[in-house]
file target-v5.cif (mmCIF, C-alpha atoms and all ligand atoms)
data_entry
#
loop_
_atom_site.group_PDB
_atom_site.id
_atom_site.type_symbol
_atom_site.label_atom_id
_atom_site.label_comp_id
_atom_site.auth_asym_id
_atom_site.auth_seq_id
_atom_site.Cartn_x
_atom_site.Cartn_y
_atom_site.Cartn_z
ATOM 1 C CA MET A 1 0.951 3.177 7.072
ATOM 2 C CA THR A 2 -0.367 6.183 5.273
ATOM 3 C CA LEU A 3 1.848 9.167 4.722
ATOM 4 C CA ARG A 4 -0.369 11.845 3.389
ATOM 5 C CA PRO A 5 -0.115 14.709 5.889
ATOM 6 C CA VAL A 6 3.524 14.084 6.635
ATOM 7 C CA ILE A 7 5.116 14.169 3.236
ATOM 8 C CA ALA A 8 2.703 16.521 1.552
ATOM 9 C CA CYS A 9 5.388 19.174 1.798
ATOM 10 C CA CYS A 10 8.053 17.216 -0.008
ATOM 11 C CA LEU A 11 6.434 15.441 -2.838
ATOM 12 C CA ALA A 12 7.326 17.904 -5.542
ATOM 13 C CA VAL A 13 10.940 16.796 -5.277
ATOM 14 C CA VAL A 14 10.330 13.091 -5.026
ATOM 15 C CA LEU A 15 12.745 11.204 -7.177
ATOM 16 C CA SER A 16 10.797 8.140 -7.940
ATOM 17 C CA THR A 17 11.172 5.101 -10.077
ATOM 18 C CA PRO A 18 7.894 3.710 -11.358
ATOM 19 C CA LEU A 19 7.778 -0.010 -10.796
ATOM 20 C CA TRP A 20 4.384 -0.562 -12.249
ATOM 21 C CA ALA A 21 2.008 1.458 -14.306
ATOM 22 C CA ASN A 22 -1.510 1.228 -15.659
ATOM 23 C CA ASP A 23 -3.206 -2.058 -14.971
ATOM 24 C CA ALA A 24 -0.252 -4.379 -15.304
ATOM 25 C CA ILE A 25 2.786 -4.484 -13.116
ATOM 26 C CA THR A 26 5.906 -4.462 -15.222
ATOM 27 C CA GLY A 27 9.362 -4.630 -13.756
ATOM 28 C CA ILE A 28 12.131 -2.465 -15.167
ATOM 29 C CA GLU A 29 15.914 -2.722 -14.955
ATOM 30 C CA VAL A 30 16.308 -0.887 -11.656
ATOM 31 C CA THR A 31 13.503 -2.815 -9.972
ATOM 32 C CA ALA A 32 14.603 -3.987 -6.561
ATOM 33 C CA PRO A 33 14.980 -7.762 -6.858
ATOM 34 C CA GLU A 34 13.291 -8.486 -3.552
ATOM 35 C CA ILE A 35 9.930 -7.187 -4.734
ATOM 36 C CA ASP A 36 7.902 -10.148 -5.884
ATOM 37 C CA PHE A 37 5.582 -8.771 -8.535
ATOM 38 C CA ASP A 38 3.826 -12.059 -9.172
ATOM 39 C CA VAL A 39 2.773 -12.252 -5.551
ATOM 40 C CA ILE A 40 1.839 -8.560 -5.435
ATOM 41 C CA ASN A 41 -0.301 -8.993 -8.538
ATOM 42 C CA ARG A 42 -2.023 -11.926 -6.853
ATOM 43 C CA LEU A 43 -2.625 -9.812 -3.755
ATOM 44 C CA TRP A 44 -4.046 -7.022 -5.871
ATOM 45 C CA GLY A 45 -6.577 -9.478 -7.284
ATOM 46 C CA PHE A 46 -7.360 -10.623 -3.740
ATOM 47 C CA VAL A 47 -7.850 -7.028 -2.535
ATOM 48 C CA LYS A 48 -10.169 -6.257 -5.458
ATOM 49 C CA LYS A 49 -12.216 -9.359 -4.735
ATOM 50 C CA THR A 50 -12.502 -8.784 -0.978
ATOM 51 C CA THR A 51 -13.401 -5.095 -1.318
ATOM 52 C CA HIS A 52 -15.788 -5.756 -4.230
ATOM 53 C CA ALA A 53 -13.821 -3.407 -6.454
ATOM 54 C CA PRO A 54 -14.494 -3.215 -10.192
ATOM 55 C CA LYS A 55 -12.412 -5.908 -11.882
ATOM 56 C CA ASP A 56 -10.720 -3.342 -14.123
ATOM 57 C CA LEU A 57 -9.720 -0.954 -11.331
ATOM 58 C CA PRO A 58 -6.018 -0.207 -11.939
ATOM 59 C CA PRO A 59 -3.586 -0.435 -9.014
ATOM 60 C CA PRO A 60 -1.813 2.758 -7.972
ATOM 61 C CA PRO A 61 1.779 3.264 -9.147
ATOM 62 C CA LEU A 62 4.322 1.626 -6.871
ATOM 63 C CA VAL A 63 7.490 3.685 -6.596
ATOM 64 C CA LEU A 64 10.794 3.583 -4.819
ATOM 65 C CA ASP A 65 10.832 6.845 -2.913
ATOM 66 C CA TRP A 66 13.919 8.263 -1.204
ATOM 67 C CA HIS A 67 11.774 10.814 0.639
ATOM 68 C CA VAL A 68 9.682 8.519 2.771
ATOM 69 C CA PRO A 69 10.109 9.914 6.300
ATOM 70 C CA PRO A 70 12.573 7.976 8.476
ATOM 71 C CA PHE A 71 9.882 6.644 10.823
ATOM 72 C CA ALA A 72 7.932 5.054 7.982
ATOM 73 C CA ARG A 73 8.713 2.106 5.740
ATOM 74 C CA MET A 74 6.227 2.799 3.008
ATOM 75 C CA GLY A 75 2.979 4.612 2.515
ATOM 76 C CA PHE A 76 0.073 5.333 0.244
ATOM 77 C CA GLN A 77 -0.592 8.921 -0.750
ATOM 78 C CA TYR A 78 -3.185 10.598 -2.908
ATOM 79 C CA PRO A 79 -4.499 14.079 -3.570
ATOM 80 C CA THR A 80 -7.074 15.432 -1.122
ATOM 81 C CA PRO A 81 -8.852 18.797 -0.981
ATOM 82 C CA GLN A 82 -6.278 19.805 1.652
ATOM 83 C CA PHE A 83 -3.270 18.436 -0.279
ATOM 84 C CA PRO A 84 -4.365 18.553 -3.933
ATOM 85 C CA ASP A 85 -0.800 18.303 -5.263
ATOM 86 C CA ASN A 86 -0.147 14.891 -3.756
ATOM 87 C CA THR A 87 0.579 12.244 -6.326
ATOM 88 C CA MET A 88 -1.406 9.049 -6.105
ATOM 89 C CA GLN A 89 1.143 6.339 -5.427
ATOM 90 C CA ILE A 90 2.443 3.745 -3.034
ATOM 91 C CA SER A 91 5.907 4.856 -1.950
ATOM 92 C CA ILE A 92 8.446 2.377 -0.638
ATOM 93 C CA ALA A 93 11.610 3.566 1.059
ATOM 94 C CA PRO A 94 14.602 1.780 -0.518
ATOM 95 C CA ARG A 95 15.898 1.044 3.003
ATOM 96 C CA THR A 96 12.738 -0.964 3.607
ATOM 97 C CA ILE A 97 13.610 -3.360 0.831
ATOM 98 C CA GLU A 98 17.099 -3.766 2.254
ATOM 99 C CA GLY A 99 16.007 -4.124 5.860
ATOM 100 C CA TYR A 100 12.915 -6.304 5.758
ATOM 101 C CA SER A 101 12.085 -9.769 4.525
ATOM 102 C CA LYS A 102 10.542 -10.220 1.137
ATOM 103 C CA GLU A 103 7.394 -11.499 2.817
ATOM 104 C CA MET A 104 7.082 -8.419 5.034
ATOM 105 C CA VAL A 105 7.689 -5.988 2.162
ATOM 106 C CA THR A 106 5.044 -7.843 0.163
ATOM 107 C CA TRP A 107 2.597 -7.726 3.059
ATOM 108 C CA GLY A 108 3.278 -3.998 3.458
ATOM 109 C CA VAL A 109 2.414 -3.376 -0.181
ATOM 110 C CA GLY A 110 -0.744 -5.432 0.331
ATOM 111 C CA HIS A 111 -1.647 -3.244 3.330
ATOM 112 C CA GLU A 112 -1.208 -0.112 1.176
ATOM 113 C CA LEU A 113 -3.338 -1.642 -1.587
ATOM 114 C CA VAL A 114 -6.154 -2.074 0.933
ATOM 115 C CA HIS A 115 -5.843 1.613 1.857
ATOM 116 C CA TYR A 116 -6.117 2.416 -1.849
ATOM 117 C CA ALA A 117 -9.162 0.191 -2.340
ATOM 118 C CA PHE A 118 -10.899 1.675 0.724
ATOM 119 C CA ILE A 119 -10.265 5.227 -0.519
ATOM 120 C CA MET A 120 -11.512 4.343 -4.006
ATOM 121 C CA ARG A 121 -14.609 2.703 -2.546
ATOM 122 C CA GLU A 122 -15.291 5.773 -0.382
ATOM 123 C CA ASN A 123 -15.156 7.738 -3.659
ATOM 124 C CA GLN A 124 -17.523 5.432 -5.571
ATOM 125 C CA TRP A 125 -14.561 3.782 -7.363
ATOM 126 C CA GLN A 126 -13.933 6.981 -9.327
ATOM 127 C CA ASN A 127 -10.198 6.520 -9.541
ATOM 128 C CA ARG A 128 -9.575 9.494 -11.841
ATOM 129 C CA ARG A 129 -10.873 12.200 -9.527
ATOM 130 C CA ALA A 130 -8.695 15.284 -8.967
ATOM 131 C CA THR A 131 -8.997 14.853 -5.195
ATOM 132 C CA PHE A 132 -10.366 12.140 -2.947
ATOM 133 C CA ALA A 133 -12.535 12.284 0.143
ATOM 134 C CA ASP A 134 -11.075 10.321 3.041
ATOM 135 C CA SER A 135 -13.266 10.692 6.083
ATOM 136 C CA LEU A 136 -13.106 7.014 7.049
ATOM 137 C CA LYS A 137 -10.366 5.698 9.297
ATOM 138 C CA HIS A 138 -8.853 2.391 8.251
ATOM 139 C CA HIS A 139 -6.412 0.894 10.720
ATOM 140 C CA CYS A 140 -8.921 -0.068 13.425
ATOM 141 C CA ASP A 141 -11.748 -0.806 11.013
ATOM 142 C CA LEU A 142 -12.720 -4.450 11.467
ATOM 143 C CA GLU A 143 -12.964 -5.111 7.737
ATOM 144 C CA PHE A 144 -9.568 -3.488 7.107
ATOM 145 C CA LYS A 145 -8.014 -5.599 9.856
ATOM 146 C CA ALA A 146 -9.655 -8.761 8.545
ATOM 147 C CA ILE A 147 -8.446 -8.163 4.978
ATOM 148 C CA THR A 148 -4.890 -7.324 6.015
ATOM 149 C CA ARG A 149 -4.824 -10.451 8.193
ATOM 150 C CA ALA A 150 -6.148 -12.445 5.246
ATOM 151 C CA ILE A 151 -3.309 -11.025 3.138
ATOM 152 C CA ALA A 152 -0.894 -12.478 5.692
ATOM 153 C CA ASP A 153 -2.632 -15.837 5.161
ATOM 154 C CA GLU A 154 -2.338 -15.493 1.372
ATOM 155 C CA ILE A 155 1.395 -14.841 1.740
ATOM 156 C CA TRP A 156 1.672 -17.812 4.112
ATOM 157 C CA LYS A 157 0.169 -20.033 1.393
ATOM 158 C CA ILE A 158 3.138 -19.117 -0.796
ATOM 159 C CA TYR A 159 6.084 -19.031 1.623
ATOM 160 C CA HIS A 160 4.813 -21.131 4.576
ATOM 161 C CA SER A 161 6.582 -19.093 7.247
ATOM 162 C CA ASP A 162 4.696 -19.130 10.541
ATOM 163 C CA THR A 163 7.153 -16.616 11.996
ATOM 164 C CA GLN A 164 6.592 -14.139 9.192
ATOM 165 C CA ARG A 165 2.840 -14.527 9.394
ATOM 166 C CA ALA A 166 2.883 -13.893 13.151
ATOM 167 C CA ALA A 167 4.892 -10.723 12.495
ATOM 168 C CA MET A 168 2.287 -9.593 9.946
ATOM 169 C CA TYR A 169 -0.560 -10.264 12.389
ATOM 170 C CA ASP A 170 1.392 -8.124 14.884
ATOM 171 C CA GLU A 171 1.599 -5.326 12.329
ATOM 172 C CA VAL A 172 -2.192 -5.398 11.920
ATOM 173 C CA GLU A 173 -2.619 -4.739 15.645
ATOM 174 C CA LYS A 174 0.243 -2.232 15.797
ATOM 175 C CA SER A 175 -1.243 -0.178 12.945
ATOM 176 C CA CYS A 176 -4.478 0.150 14.898
ATOM 177 C CA PHE A 177 -2.763 0.818 18.203
ATOM 178 C CA ASN A 178 -0.114 3.259 16.946
ATOM 179 C CA GLU A 179 -1.924 4.983 14.090
ATOM 180 C CA PRO A 180 -5.659 4.698 14.857
ATOM 181 C CA ASN A 181 -6.479 7.846 12.888
ATOM 182 C CA GLN A 182 -5.188 6.495 9.600
HETATM 183 ZN ZN ZN B 201 -1.644 1.907 6.906
#
call {"tool": "encode", "arguments": {"input": "target-v5.cif", "output": "structure tokens"}}
result
Amino acid sequence: MTLRPVIACCLAVVLSTPLWANDAITGIEVTAPEIDFDVINRLWGFVKKTTHAPKDLPPPPLVLDWHVPPFARMGFQYPTPQFPDNTMQISIAPRTIEGYSKEMVTWGVGHELVHYAFIMRENQWQNRRATFADSLKHHCDLEFKAITRAIADEIWKIYHSDTQRAAMYDEVEKSCFNEPNQ
């Protein structure tokens, strides 16, 4: 679930609500109640550990974004040489929060955080660059698949839903099958 080429056109008009900023995730009044920030913070720590990221690497902003294309639920975008005006953020479509379980939304954010960590690692963890190289593909990468499966296991340790975990495992395979170039 990366959105970069698709919504590059529309980002200037994104009406977004920051849900977290800097290195701590802080909820605000309009925060959607189904987003579990404690769990997402835990997953961010897990992603940093498994990708060997610097401990002080900040997470990207997480925003509610009414312009996520209809076929997507959420996505991670960032500026590239081709699309230098992209804003670095994880965008979640509000309909996603209404239409999916809390576990699945949380897993989706975890998936996007792994995209972020992989991009930062490809760029020597220089998270303040103006644009980011992204020549590596993620969805079928064995490490990417292993980490996103492990995120499903981390979420299982909290909610204990076998059904939800099976659905997350499915998403790992579907990402590779449907979007192998991302
Ligand atoms: Zn993805």
call {"tool": "residues_near_point", "arguments": {"input": "target-v5.cif", "point": "(1.2, -8.5, -4.2)", "cutoff": "12 Å", "atoms": "all atoms listed in the file", "output": "PDB file with C-alpha atoms, in the frame of the given file"}}
result
ATOM      1  CA  TRP A  20       4.384  -0.562 -12.249  1.00  0.00           C
ATOM      2  CA  ALA A  24      -0.252  -4.379 -15.304  1.00  0.00           C
ATOM      3  CA  ILE A  25       2.786  -4.484 -13.116  1.00  0.00           C
ATOM      4  CA  ILE A  35       9.930  -7.187  -4.734  1.00  0.00           C
ATOM      5  CA  ASP A  36       7.902 -10.148  -5.884  1.00  0.00           C
ATOM      6  CA  PHE A  37       5.582  -8.771  -8.535  1.00  0.00           C
ATOM      7  CA  ASP A  38       3.826 -12.059  -9.172  1.00  0.00           C
ATOM      8  CA  VAL A  39       2.773 -12.252  -5.551  1.00  0.00           C
ATOM      9  CA  ILE A  40       1.839  -8.560  -5.435  1.00  0.00           C
ATOM     10  CA  ASN A  41      -0.301  -8.993  -8.538  1.00  0.00           C
ATOM     11  CA  ARG A  42      -2.023 -11.926  -6.853  1.00  0.00           C
ATOM     12  CA  LEU A  43      -2.625  -9.812  -3.755  1.00  0.00           C
ATOM     13  CA  TRP A  44      -4.046  -7.022  -5.871  1.00  0.00           C
ATOM     14  CA  GLY A  45      -6.577  -9.478  -7.284  1.00  0.00           C
ATOM     15  CA  PHE A  46      -7.360 -10.623  -3.740  1.00  0.00           C
ATOM     16  CA  VAL A  47      -7.850  -7.028  -2.535  1.00  0.00           C
ATOM     17  CA  LYS A  48     -10.169  -6.257  -5.458  1.00  0.00           C
ATOM     18  CA  PRO A  59      -3.586  -0.435  -9.014  1.00  0.00           C
ATOM     19  CA  LEU A  62       4.322   1.626  -6.871  1.00  0.00           C
ATOM     20  CA  LYS A 102      10.542 -10.220   1.137  1.00  0.00           C
ATOM     21  CA  GLU A 103       7.394 -11.499   2.817  1.00  0.00           C
ATOM     22  CA  MET A 104       7.082  -8.419   5.034  1.00  0.00           C
ATOM     23  CA  VAL A 105       7.689  -5.988   2.162  1.00  0.00           C
ATOM     24  CA  THR A 106       5.044  -7.843   0.163  1.00  0.00           C
ATOM     25  CA  TRP A 107       2.597  -7.726   3.059  1.00  0.00           C
ATOM     26  CA  GLY A 108       3.278  -3.998   3.458  1.00  0.00           C
ATOM     27  CA  VAL A 109       2.414  -3.376  -0.181  1.00  0.00           C
ATOM     28  CA  GLY A 110      -0.744  -5.432   0.331  1.00  0.00           C
ATOM     29  CA  HIS A 111      -1.647  -3.244   3.330  1.00  0.00           C
ATOM     30  CA  GLU A 112      -1.208  -0.112   1.176  1.00  0.00           C
ATOM     31  CA  LEU A 113      -3.338  -1.642  -1.587  1.00  0.00           C
ATOM     32  CA  VAL A 114      -6.154  -2.074   0.933  1.00  0.00           C
ATOM     33  CA  THR A 148      -4.890  -7.324   6.015  1.00  0.00           C
ATOM     34  CA  ILE A 151      -3.309 -11.025   3.138  1.00  0.00           C
ATOM     35  CA  ALA A 152      -0.894 -12.478   5.692  1.00  0.00           C
ATOM     36  CA  GLU A 154      -2.338 -15.493   1.372  1.00  0.00           C
ATOM     37  CA  ILE A 155       1.395 -14.841   1.740  1.00  0.00           C
ATOM     38  CA  ILE A 158       3.138 -19.117  -0.796  1.00  0.00           C
TER      39      ILE A 158
END
call {"tool": "residues_around", "arguments": {"input": "target-v5.cif", "residues": "A:Ala133", "least_positions_apart": "5", "cutoff": "10 Å", "atoms": "all atoms listed in the file", "output": "list in words"}}
result
Tyr78, Pro79, Thr80, Pro81, Gln82, Ile119, Met120, Glu122 and Asn123 of chain A
call {"tool": "closest_residue", "arguments": {"input": "target-v5.cif", "among": "A:Phe118, A:Glu171, A:Ala53, A:Ser91", "to": "A:Glu143", "atoms": "all atoms listed in the file"}}
result
A:Phe118
call {"tool": "closest_residue", "arguments": {"input": "target-v5.cif", "among": "A:Arg73, A:His115, A:Arg121, A:His52", "to": "ligand ZN 201 (chain B)", "atoms": "all atoms listed in the file"}}
result
A:His115
call {"tool": "atom_distance", "arguments": {"input": "target-v5.cif", "atom1": "atom CA of A:Phe132", "atom2": "atom CA of A:Asp56"}}
result
19.1 Å
call {"tool": "atom_distance", "arguments": {"input": "target-v5.cif", "atom1": "atom CA of A:Leu136", "atom2": "atom CA of A:Pro180"}}
result
11.0 Å
call {"tool": "closest_residue", "arguments": {"input": "target-v5.cif", "among": "A:Asp141, A:Asp65, A:Asp162, A:Asp85", "to": "ligand ZN 201 (chain B)", "atoms": "only C-alpha atoms and all ligand atoms"}}
result
A:Asp141
call {"tool": "residues_near_ligand", "arguments": {"input": "target-v5.cif", "ligand": "ligand ZN 201 (chain B)", "cutoff": "8 Å", "atoms": "all atoms listed in the file", "output": "ChimeraX atom specification"}}
result
/A:1-2,75-76,111-112,115,138-139,175,179,182
call {"tool": "atom_distance", "arguments": {"input": "target-v5.cif", "atom1": "atom CA of A:Pro61", "atom2": "atom CA of A:Asn127"}}
result
12.4 Å
call {"tool": "resolve_selection", "arguments": {"input": "target-v5.cif", "expression": "the PyMOL selection byres (((chain A and resi 165) around 9) and not hetatm)", "output": "short mmCIF file (atom, residue, chain, number, x, y, z; two decimals) with C-alpha atoms, in the coordinates of the input"}}
result
data_model
loop_
_atom_site.label_atom_id
_atom_site.label_comp_id
_atom_site.auth_asym_id
_atom_site.auth_seq_id
_atom_site.Cartn_x
_atom_site.Cartn_y
_atom_site.Cartn_z
CA GLU A 103 7.39 -11.50 2.82
CA MET A 104 7.08 -8.42 5.03
CA ARG A 149 -4.82 -10.45 8.19
CA ALA A 152 -0.89 -12.48 5.69
CA ASP A 153 -2.63 -15.84 5.16
CA ILE A 155 1.40 -14.84 1.74
CA TRP A 156 1.67 -17.81 4.11
CA HIS A 160 4.81 -21.13 4.58
CA SER A 161 6.58 -19.09 7.25
CA ASP A 162 4.70 -19.13 10.54
CA THR A 163 7.15 -16.62 12.00
CA GLN A 164 6.59 -14.14 9.19
CA ALA A 166 2.88 -13.89 13.15
CA ALA A 167 4.89 -10.72 12.50
CA MET A 168 2.29 -9.59 9.95
CA TYR A 169 -0.56 -10.26 12.39
CA ASP A 170 1.39 -8.12 14.88
#
call {"tool": "residues_around", "arguments": {"input": "target-v5.cif", "residues": "A:Phe177", "least_positions_apart": "4", "cutoff": "9 Å", "atoms": "all atoms listed in the file", "output": "PyMOL selection string"}}
result
chain A and resi 139-140+172-173
call {"tool": "closest_residue", "arguments": {"input": "target-v5.cif", "among": "A:Ala117, A:Ala146, A:Ala130, A:Asn181", "to": "A:Lys55", "atoms": "only C-alpha atoms"}}
result
A:Ala117
call {"tool": "closest_residue", "arguments": {"input": "target-v5.cif", "among": "A:Thr96, A:Leu57, A:Ser135, A:Ile90", "to": "A:Pro70", "atoms": "all atoms listed in the file"}}
result
A:Thr96
call {"tool": "closest_residue", "arguments": {"input": "target-v5.cif", "among": "A:Val63, A:Leu142, A:Cys176, A:Ala150", "to": "A:Gln89", "atoms": "all atoms listed in the file"}}
result
A:Val63
call {"tool": "decode", "arguments": {"input": "target-v5.cif", "residues": "stretch 113-134 of chain A", "atoms": "N, CA and C atoms", "output": "mmCIF file, in the first residue's frame"}}
result
data_model
loop_
_atom_site.group_PDB
_atom_site.id
_atom_site.type_symbol
_atom_site.label_atom_id
_atom_site.label_comp_id
_atom_site.auth_asym_id
_atom_site.auth_seq_id
_atom_site.Cartn_x
_atom_site.Cartn_y
_atom_site.Cartn_z
ATOM 1 N N LEU A 113 4.476 1.782 8.175
ATOM 2 C CA LEU A 113 5.689 2.125 8.929
ATOM 3 C C LEU A 113 6.890 1.316 8.437
ATOM 4 N N VAL A 114 6.643 0.092 7.980
ATOM 5 C CA VAL A 114 7.749 -0.700 7.430
ATOM 6 C C VAL A 114 8.196 -0.097 6.094
ATOM 7 N N HIS A 115 7.241 0.337 5.269
ATOM 8 C CA HIS A 115 7.634 1.060 4.049
ATOM 9 C C HIS A 115 8.535 2.240 4.413
ATOM 10 N N TYR A 116 8.100 3.015 5.377
ATOM 11 C CA TYR A 116 8.881 4.195 5.801
ATOM 12 C C TYR A 116 10.289 3.778 6.234
ATOM 13 N N ALA A 117 10.373 2.774 7.089
ATOM 14 C CA ALA A 117 11.688 2.356 7.590
ATOM 15 C C ALA A 117 12.578 1.866 6.436
ATOM 16 N N PHE A 118 11.998 1.121 5.489
ATOM 17 C CA PHE A 118 12.790 0.632 4.360
ATOM 18 C C PHE A 118 13.295 1.806 3.508
ATOM 19 N N ILE A 119 12.440 2.803 3.288
ATOM 20 C CA ILE A 119 12.871 3.964 2.500
ATOM 21 C C ILE A 119 13.973 4.722 3.251
ATOM 22 N N MET A 120 13.793 4.900 4.552
ATOM 23 C CA MET A 120 14.816 5.615 5.325
ATOM 24 C C MET A 120 16.131 4.841 5.304
ATOM 25 N N ARG A 121 16.049 3.528 5.420
ATOM 26 C CA ARG A 121 17.268 2.719 5.410
ATOM 27 C C ARG A 121 17.957 2.820 4.057
ATOM 28 N N GLU A 122 17.172 2.789 2.972
ATOM 29 C CA GLU A 122 17.745 2.931 1.627
ATOM 30 C C GLU A 122 18.452 4.276 1.485
ATOM 31 N N ASN A 123 18.032 5.252 2.291
ATOM 32 C CA ASN A 123 18.623 6.600 2.247
ATOM 33 C C ASN A 123 19.506 6.870 3.467
ATOM 34 N N GLN A 124 20.138 5.806 3.950
ATOM 35 C CA GLN A 124 21.110 5.914 5.062
ATOM 36 C C GLN A 124 20.502 6.581 6.295
ATOM 37 N N TRP A 125 19.208 6.388 6.519
ATOM 38 C CA TRP A 125 18.503 6.919 7.689
ATOM 39 C C TRP A 125 18.528 8.438 7.744
ATOM 40 N N GLN A 126 18.728 9.073 6.597
ATOM 41 C CA GLN A 126 18.726 10.547 6.560
ATOM 42 C C GLN A 126 17.287 11.016 6.337
ATOM 43 N N ASN A 127 16.572 11.131 7.431
ATOM 44 C CA ASN A 127 15.125 11.361 7.323
ATOM 45 C C ASN A 127 14.755 12.793 6.966
ATOM 46 N N ARG A 128 15.727 13.698 6.913
ATOM 47 C CA ARG A 128 15.408 15.089 6.582
ATOM 48 C C ARG A 128 15.800 15.467 5.157
ATOM 49 N N ARG A 129 16.059 14.488 4.329
ATOM 50 C CA ARG A 129 16.403 14.803 2.936
ATOM 51 C C ARG A 129 15.238 15.494 2.227
ATOM 52 N N ALA A 130 15.562 16.265 1.172
ATOM 53 C CA ALA A 130 14.509 16.918 0.385
ATOM 54 C C ALA A 130 13.755 15.889 -0.447
ATOM 55 N N THR A 131 14.485 14.913 -0.987
ATOM 56 C CA THR A 131 13.843 13.826 -1.735
ATOM 57 C C THR A 131 14.531 12.513 -1.368
ATOM 58 N N PHE A 132 13.828 11.418 -1.627
ATOM 59 C CA PHE A 132 14.320 10.112 -1.214
ATOM 60 C C PHE A 132 14.414 9.171 -2.407
ATOM 61 N N ALA A 133 15.548 8.464 -2.471
ATOM 62 C CA ALA A 133 15.682 7.405 -3.470
ATOM 63 C C ALA A 133 14.796 6.238 -3.060
ATOM 64 N N ASP A 134 14.204 5.582 -4.052
ATOM 65 C CA ASP A 134 13.359 4.419 -3.732
ATOM 66 C C ASP A 134 13.430 3.380 -4.840
#
